[in-house]
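A short worksheet on the structure shown next.
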Amino acid sequence: MSQNQQHVGQRDPRISDAAIERGRRAYELDRSHVFHSWSAQRKLDPMTIIDADGSWVWDGEGRPMLDFSGQLVYTNVGHKHPRVVQAIQEQAATLPTIAPQHVNDARSEAARLITERLPESIQHVFFTNAGAESNDHAVRMARLHTGRHKVLSTYLSYHGATRLTANLTGSLRRVGSDQAVDGVVHFQPAYTYRSAFGSENDEQESERALAHLRDTIEMEGASTVAAVILEAVPGTAGIFMPPPGYMAGVEKLCREYGIVLIIDEVMVGFGRVGEWFGHQLAGITPDIVTFAKGVNSGYVPLGGVAMSDEIYESFAETPYPGGLTYSGHPLACAAAVAAINAMEEESLVDNARRIGEEIIGPRLREIAEKHPGVGETRGAGAFWAVELVKDQRTRERLAPMGQAAPVMGKMMAEAKSRGLLLFTAENRFHLCPPLNISDDDLRFGLDVLDEVLALADEEVAAG
């Protein structure tokens, strides 16, 4: 048992009184002045975090919690990784900022390291500040490259919260902002567990979903479609793995109709699913790859659009009509260089694959067999979902789509009291720990999850 586990549920004596007082003051100021995303402001009671290290965070009262959330799925190398912290400090002392029209070595090296891990046809990166900006610019590039306007994206997806990316998003999170404009057309994803096509297995789902996409392209007019954008593995909407053959089939359709294939790697890029990029699981070659989050574990905001040589050539002689003040910010890029090198030298991508195959997957299968409220567990690497249902046979959700059952909040609170910070989405827990989490901590977290799922069993039993 680690020292952090020993202090679960109580104040950690290593946390000072001064730190706790700072946390309390921060909470007061937060409630007085901070406007939170995705929240009804007066109903919110946010948790204060006063420290974080490795796979652990400490709440406002100094109690340690194992971070299974990855925050918003980005702390791939964990909290306070010494190499990333040192790189930011050294960059701040050397060249803390410079406008994007100037060369800086951190950005140049980050671009090299990123493109080395992508297909040979992708050699250039446009840096942004976040995933939404990356997807926004990717679509802009695809439209300018093709001279077409429509963009196809799936229902049950999430691509950001700018005006365009809110429209691209297919999950119900878009509804408050979506005006059904911007040339976006949604189609049904390949999702075997909740098939829109009545499929009974992955093979049927892949075949039927691809037929549906072909129909959508043709009914919209293939000559009007600039791009198809897909998450490599849909994240916020459910962490459901594309069935075998589906992604390759999408790539083939895009080639057939001259459509740009954009793969959104914002959540799963940089090792999350046990490959450097999620599309590598399917063996495909996108035209554009968007990224953010794990590129530097979120230490400084950074995103990007990595484009094929063919897309690049559209702007080789004609200016690209877009830019960002902080494109390729030196602090963010220095953090990316350090994070990527640390992941390489510490074999974190391989480790993510190992813990998924040897620890998380098998343990979740045991949990699913034990708890009648678990409908399905699924994922890869350090990216998994536990979907909760009222009935395993009918697969009825604990609450209607887009809503969360009260028991989810109860389980979240119970997990915190036992030292585990979880990521919840509708009727699911998403398990997204750092890629370098210790096996002992990982097993501890899975044991706590097993214990708190008893609350869902009670909900199912009560009907």
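Letters A, B, ... go to the chains of the structure tokens in the order shown; residues in each chain start at 1; ligands are counted from 1 in the same order.
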Which residues of stretch 329-400 of chain A come within 10 Å of stretch 411-433 of chain A, and what is each one's closest atom pair and distance in Å (one decimal), counting only C-alpha atoms, sorted by chain and residue number, as a Markdown table?
| residue | atom | partner | partner_atom | distance |
| --- | --- | --- | --- | --- |
| A:Ala352 | CA | A:Pro433 | CA | 9.5 |
| A:Ile360 | CA | A:Leu431 | CA | 9.1 |
| A:Val374 | CA | A:Arg428 | CA | 9.3 |
| A:Gly375 | CA | A:Arg428 | CA | 9.8 |
| A:Glu376 | CA | A:Arg428 | CA | 9.7 |
| A:Thr377 | CA | A:Arg428 | CA | 9.5 |
| A:Arg378 | CA | A:His430 | CA | 9.8 |
| A:Gly379 | CA | A:Leu431 | CA | 9.1 |
| A:Gly381 | CA | A:Cys432 | CA | 9.1 |
| A:Ala382 | CA | A:Cys432 | CA | 5.4 |
| A:Phe383 | CA | A:Cys432 | CA | 5.0 |
| A:Trp384 | CA | A:Leu431 | CA | 5.0 |
| A:Ala385 | CA | A:His430 | CA | 4.5 |
| A:Val386 | CA | A:Phe429 | CA | 5.2 |
| A:Glu387 | CA | A:Arg428 | CA | 4.5 |
| A:Leu388 | CA | A:Asn427 | CA | 5.5 |
| A:Val389 | CA | A:Asn427 | CA | 7.4 |
| A:Arg397 | CA | A:Asn427 | CA | 6.5 |
| A:Leu398 | CA | A:Asn427 | CA | 5.9 |
| A:Ala399 | CA | A:Asn427 | CA | 6.8 |
| A:Pro400 | CA | A:Glu426 | CA | 8.5 |
Can you check which residues of stretch 298-362 of chain A DSSP gives as alpha helix (DSSP H) on the backbone and send them as a ChimeraX atom specification?
/A:309-313,330-345,348-355,361-362
May I have the residues within 12 Å of A:Glu358 as a list in words, using only C-alpha atoms and disregarding those fewer than 6 positions away in the same chain?
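Surrounding residues, per the criterion: Asp350, Asn351, Ala352, Leu364, Arg365, Ala380, Gly381, Ala382, Asp439, Leu442 and Arg443 of chain A.
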Requested write-out: C-alpha atoms of the selected residues, as an mmCIF file, in the first residue's frame:
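What ended up in out_7.cif:
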data_model
loop_
_atom_site.group_PDB
_atom_site.id
_atom_site.type_symbol
_atom_site.label_atom_id
_atom_site.label_comp_id
_atom_site.auth_asym_id
_atom_site.auth_seq_id
_atom_site.Cartn_x
_atom_site.Cartn_y
_atom_site.Cartn_z
ATOM 1 C CA ASP A 350 3.518 0.330 -24.361
ATOM 2 C CA ASN A 351 2.589 0.579 -20.700
ATOM 3 C CA ALA A 352 -0.864 1.896 -21.567
ATOM 4 C CA LEU A 364 -13.673 -4.860 -15.676
ATOM 5 C CA ARG A 365 -14.907 -8.133 -17.149
ATOM 6 C CA ALA A 380 -8.323 -0.002 -24.848
ATOM 7 C CA GLY A 381 -5.101 1.089 -23.175
ATOM 8 C CA ALA A 382 -5.921 3.577 -20.404
ATOM 9 C CA ASP A 439 -0.125 -1.335 -10.999
ATOM 10 C CA LEU A 442 -4.572 0.921 -10.582
ATOM 11 C CA ARG A 443 -5.794 -2.167 -8.747
#
Closest atom pairs, residues of stretch 250-369 of chain A within 8 Å of stretch 134-142 of chain A, only C-alpha atoms, as JSON lines:
{"residue": "A:Val260", "atom": "CA", "partner": "A:Ala142", "partner_atom": "CA", "distance": 6.2}
{"residue": "A:Ile262", "atom": "CA", "partner": "A:Ala138", "partner_atom": "CA", "distance": 7.3}
{"residue": "A:Asp264", "atom": "CA", "partner": "A:Asn135", "partner_atom": "CA", "distance": 7.2}
{"residue": "A:Ile288", "atom": "CA", "partner": "A:Ala138", "partner_atom": "CA", "distance": 6.9}
{"residue": "A:Thr290", "atom": "CA", "partner": "A:Ser134", "partner_atom": "CA", "distance": 5.7}
{"residue": "A:Phe291", "atom": "CA", "partner": "A:Ser134", "partner_atom": "CA", "distance": 6.8}
{"residue": "A:Ala292", "atom": "CA", "partner": "A:Ser134", "partner_atom": "CA", "distance": 7.8}
{"residue": "A:Gly303", "atom": "CA", "partner": "A:Ser134", "partner_atom": "CA", "distance": 6.1}
{"residue": "A:Gly304", "atom": "CA", "partner": "A:Ser134", "partner_atom": "CA", "distance": 5.3}
{"residue": "A:Val305", "atom": "CA", "partner": "A:Ser134", "partner_atom": "CA", "distance": 5.5}
{"residue": "A:Ile311", "atom": "CA", "partner": "A:Met141", "partner_atom": "CA", "distance": 7.5}
{"residue": "A:Gly322", "atom": "CA", "partner": "A:His137", "partner_atom": "CA", "distance": 7.9}
Leaving out A:Ser108 and any residue of its chain fewer than 5 positions from it, which residues lie within 12 Å of it when counting only C-alpha atoms, given as a ChimeraX atom specification?
/A:100,102-103,113-115,123-127,327-330,333-334,336-337
Leaving out stretch 206-223 of chain A and any residue of its chain fewer than 2 positions from it, which residues lie within 6 Å of it when counting only C-alpha atoms, given as a list in words?
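That gives Ala190, Glu203, Gln204, Val225, Pro243 and Tyr246 of chain A.
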Using only C-alpha atoms, pick whichever of A:Met307, A:Leu95, A:Leu72, A:Val34 has the shortest atom-to-atom distance to A:Gly294.
A:Leu72
Counting only C-alpha atoms, what is within 10 Å of A:Ala462, bar same-chain residues fewer than 5 positions away, as a list of chain:residue names?
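Surrounding residues, per the criterion: A:Lys390, A:Ala456, A:Asp457.
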Closest to A:Asp441 among A:Gly54, A:Gly235, A:Gly70, A:Gly298, using only C-alpha atoms?
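Of the candidates, the smallest distance to A:Asp441 is held by A:Gly54.
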Nearest to A:Thr318, chosen from A:Pro64, A:Glu458, A:Ser69, A:Leu144, with only C-alpha atoms counted in the distances:
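Nearest to A:Thr318: A:Leu144.
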At a cut-off of 12 Å, using only C-alpha atoms, what residues contact A:Arg354? Leave out same-chain residues fewer than 5 positions from it and give the result as a PyMOL selection string.
chain A and resi 271-275+347-349+359-362+380-382+435-439
